[in-house]
Amino acid sequence: MHKVVVRVLLFAKAREISGKKEESVTVFSKISYQELRDFIVEYFSLQPIKSSLILAINEQYSDANIPLKLNDGDTIAVIPPLSGG
Amino acid sequence: MFDIKLSDSALHIDEIYRSVVSPRCGAVSLFVGTTRDNFEGLMVTKLIYESYEKMAIKMIRTVCEEILEKWTEIEHVAIHHRLGEVPVSEASVVIALSSPHRKDSLEALHYAIDRLKEIVPIFKKEHYQDGGAEWKQNAECSWSRCAAIPKHNNNNF
């Protein structure tokens with residue numbers, strides 16, 4: 001299975017819980033949204049907010065129903081509930 | 001046509017108004033979101049906003065594009081959001097739209113603020129007088145615990 005290095009960005013409560021703003025991680029290139037989310041939750045200890053976060057890939061909200069194909073250098077953002085306005 | 005800005009300093013409502021006003025338009029509609037000093041009986045002492053800036057700019061642009069598709073008479077759209085610490089009673093967001101007639105800009109204004117709260121990655125933390133602090137969640141955001149429509153449905157993007 002092909003692996004790639006992606007950049008993970010963490011915001012708001014995700015940043016506070018993990019103590020990290022960003023980090024590069026190695027993941028499988030072909031992966032489901034759920035597998036990627038579970039890996040990131042585990043890696044960054046985000047279990048307390050697992051049910052209320054969403055992933056954005058290269059500044060686009062990811063569709064949970066379509067299998068992902070990640071490339072080296074892709075940016076994955078962990079987005080907790082929005083509270084702008 | 002679009003005036004989009006994330007700002008670390010105070011928003012200037014007059015400047016935003018001037019960026020949308022047009023001789024073709026008989027209406028400018030303006031929304032100003034301001035910070036409140038209370039939440040469920042707690043006194044709020046400080047509010048801090050942060051954003052995923054690159055994506056926030058893209059998503060605000062998406063909101064602007066959607067508005068022009070839905071209300072074809074809209075002439076200009078300006079959306080400015082403040083980041084960092086925003087003192088109580090100051091503007092955190094200003095939205096201005098111009099259109100030849102008021103109906104379009106008034107309707108589009110309501111859509112603009114609701115859609116911003118739904119899809120633009122900006123986050124607010126409230127700090128309370130009792131020492132506590134909490135990240136807020138918009139009811140419009142579909143993955144909030146308090147989502148108005150409890151679902152995890154990304155089809156809205």
# chains A, B, ... in the order shown; residues from 1 in each chain; ligands from 1
>>> closest_atom_pairs(of="chain B", to="chain A", cutoff="9 Å", atoms="only C-alpha atoms", output="Markdown table")
| residue | atom | partner | partner_atom | distance |
| --- | --- | --- | --- | --- |
| B:Gly33 | CA | A:Gly85 | CA | 6.3 |
| B:Thr34 | CA | A:Gly85 | CA | 8.5 |
| B:Tyr49 | CA | A:Gly84 | CA | 7.6 |
| B:Glu50 | CA | A:Ala12 | CA | 7.2 |
| B:Ser51 | CA | A:Phe11 | CA | 7.6 |
| B:Tyr52 | CA | A:Phe11 | CA | 7.2 |
| B:Lys54 | CA | A:Glu59 | CA | 7.3 |
| B:Met55 | CA | A:Glu59 | CA | 4.9 |
| B:Ala56 | CA | A:Glu59 | CA | 8.5 |
| B:Lys58 | CA | A:Glu59 | CA | 7.8 |
| B:Met59 | CA | A:Gln60 | CA | 8.7 |
| B:His81 | CA | A:Gly85 | CA | 7.5 |
| B:Ser92 | CA | A:Gly85 | CA | 6.5 |
| B:Val93 | CA | A:Gly85 | CA | 5.7 |
| B:Val94 | CA | A:Gly85 | CA | 8.7 |
| B:Ile113 | CA | A:Gly85 | CA | 7.1 |
| B:Asp114 | CA | A:Gly85 | CA | 8.7 |
| B:Leu116 | CA | A:Gly85 | CA | 7.0 |
| B:Lys117 | CA | A:Gly84 | CA | 5.5 |
| B:Glu118 | CA | A:Leu82 | CA | 7.1 |
| B:Ile119 | CA | A:Leu82 | CA | 7.4 |
| B:Val120 | CA | A:Gly84 | CA | 7.1 |
| B:Pro121 | CA | A:Leu82 | CA | 5.8 |
| B:Ile122 | CA | A:Gly84 | CA | 4.6 |
| B:Phe123 | CA | A:Ser83 | CA | 4.6 |
| B:Lys124 | CA | A:Ser83 | CA | 5.4 |
| B:Lys125 | CA | A:Ala12 | CA | 8.1 |
| B:Glu134 | CA | A:Lys13 | CA | 9.0 |
| B:Trp135 | CA | A:Lys13 | CA | 6.7 |
| B:Lys136 | CA | A:Ser83 | CA | 5.5 |
| B:Gln137 | CA | A:Ser83 | CA | 4.9 |
| B:Asn138 | CA | A:Ser83 | CA | 4.9 |
| B:Ala139 | CA | A:Ser83 | CA | 8.7 |
| B:Glu140 | CA | A:Leu82 | CA | 8.5 |
| B:Cys141 | CA | A:Leu82 | CA | 6.1 |
| B:Ser142 | CA | A:Pro81 | CA | 8.1 |
| B:Trp143 | CA | A:Ser52 | CA | 5.4 |
| B:Ser144 | CA | A:Pro81 | CA | 4.9 |
| B:Arg145 | CA | A:Ser52 | CA | 6.6 |
| B:His152 | CA | A:Ala64 | CA | 9.0 |
| B:Asn153 | CA | A:Ala64 | CA | 8.3 |
| B:Asn154 | CA | A:Asp63 | CA | 5.8 |
| B:Asn155 | CA | A:Asp63 | CA | 7.5 |
| B:Phe157 | CA | A:Tyr61 | CA | 7.0 |
>>> write_last_selection(atoms="C-alpha atoms", output="CSV table (one decimal), in the first residue's frame")
chain,number,residue,atom,x,y,z
B,33,GLY,CA,-22.6,41.3,14.4
B,34,THR,CA,-21.4,42.5,17.8
B,49,TYR,CA,-11.6,34.7,17.4
B,50,GLU,CA,-9.3,32.5,15.3
B,51,SER,CA,-9.6,31.2,11.8
B,52,TYR,CA,-8.2,28.9,9.2
B,54,LYS,CA,-6.8,30.5,3.7
B,55,MET,CA,-9.9,28.4,3.8
B,56,ALA,CA,-12.1,31.1,5.4
B,58,LYS,CA,-12.3,30.8,0.1
B,59,MET,CA,-15.5,30.0,1.9
B,81,HIS,CA,-14.6,39.5,9.9
B,92,SER,CA,-17.0,41.0,15.0
B,93,VAL,CA,-18.5,40.8,11.5
B,94,VAL,CA,-19.8,43.3,9.0
B,113,ILE,CA,-24.8,35.8,7.8
B,114,ASP,CA,-26.6,32.5,8.2
B,116,LEU,CA,-21.2,32.5,7.0
B,117,LYS,CA,-22.1,30.9,10.3
B,118,GLU,CA,-22.7,27.5,8.6
B,119,ILE,CA,-19.6,27.1,6.4
B,120,VAL,CA,-16.8,29.6,7.1
B,121,PRO,CA,-14.0,28.2,9.4
B,122,ILE,CA,-13.8,30.8,12.1
B,123,PHE,CA,-13.9,29.9,15.8
B,124,LYS,CA,-14.8,31.9,18.9
B,125,LYS,CA,-13.7,31.3,22.5
B,134,GLU,CA,-15.5,27.8,26.2
B,135,TRP,CA,-15.3,27.4,22.4
B,136,LYS,CA,-18.7,28.3,21.0
B,137,GLN,CA,-20.7,26.3,18.4
B,138,ASN,CA,-23.0,27.8,15.8
B,139,ALA,CA,-26.4,26.2,15.6
B,140,GLU,CA,-26.1,26.6,11.8
B,141,CYS,CA,-23.0,24.4,11.7
B,142,SER,CA,-24.0,20.8,10.9
B,143,TRP,CA,-21.3,19.1,13.0
B,144,SER,CA,-22.0,21.2,16.1
B,145,ARG,CA,-23.5,19.4,19.1
B,152,HIS,CA,-23.5,14.8,9.7
B,153,ASN,CA,-24.2,15.7,6.1
B,154,ASN,CA,-21.7,17.3,3.9
B,155,ASN,CA,-23.9,17.7,0.9
B,157,PHE,CA,-20.9,22.2,0.6
>>> residues_around(residues="range 19-30 of chain A", least_positions_apart="6", cutoff="10 Å", atoms="only C-alpha atoms", output="PyMOL selection string")
chain A and resi 1-13+36+39-40+43-45+67-78
>>> residues_around(residues="Leu109 in chain B", least_positions_apart="3", cutoff="10 Å", atoms="only C-alpha atoms", output="PyMOL selection string")
chain B and resi 28-31+67+77+95-98+103-106+112-115
>>> select_by_dssp(residues="chain A", states="strand (DSSP E or B)", output="PyMOL selection string")
chain A and resi 3-10+22-28+30-31+54-57+60-61+68-69+75-79
>>> atom_distance(atom1="CA of Ile4 in chain B", atom2="CA of Glu53 in chain B")
11.6 Å
>>> atom_distance(atom1="CA of His80 in chain B", atom2="CA of Phe39 in chain B")
24.3 Å
>>> atom_distance(atom1="CA of Ser99 in chain B", atom2="CA of Gly26 in chain B")
6.5 Å
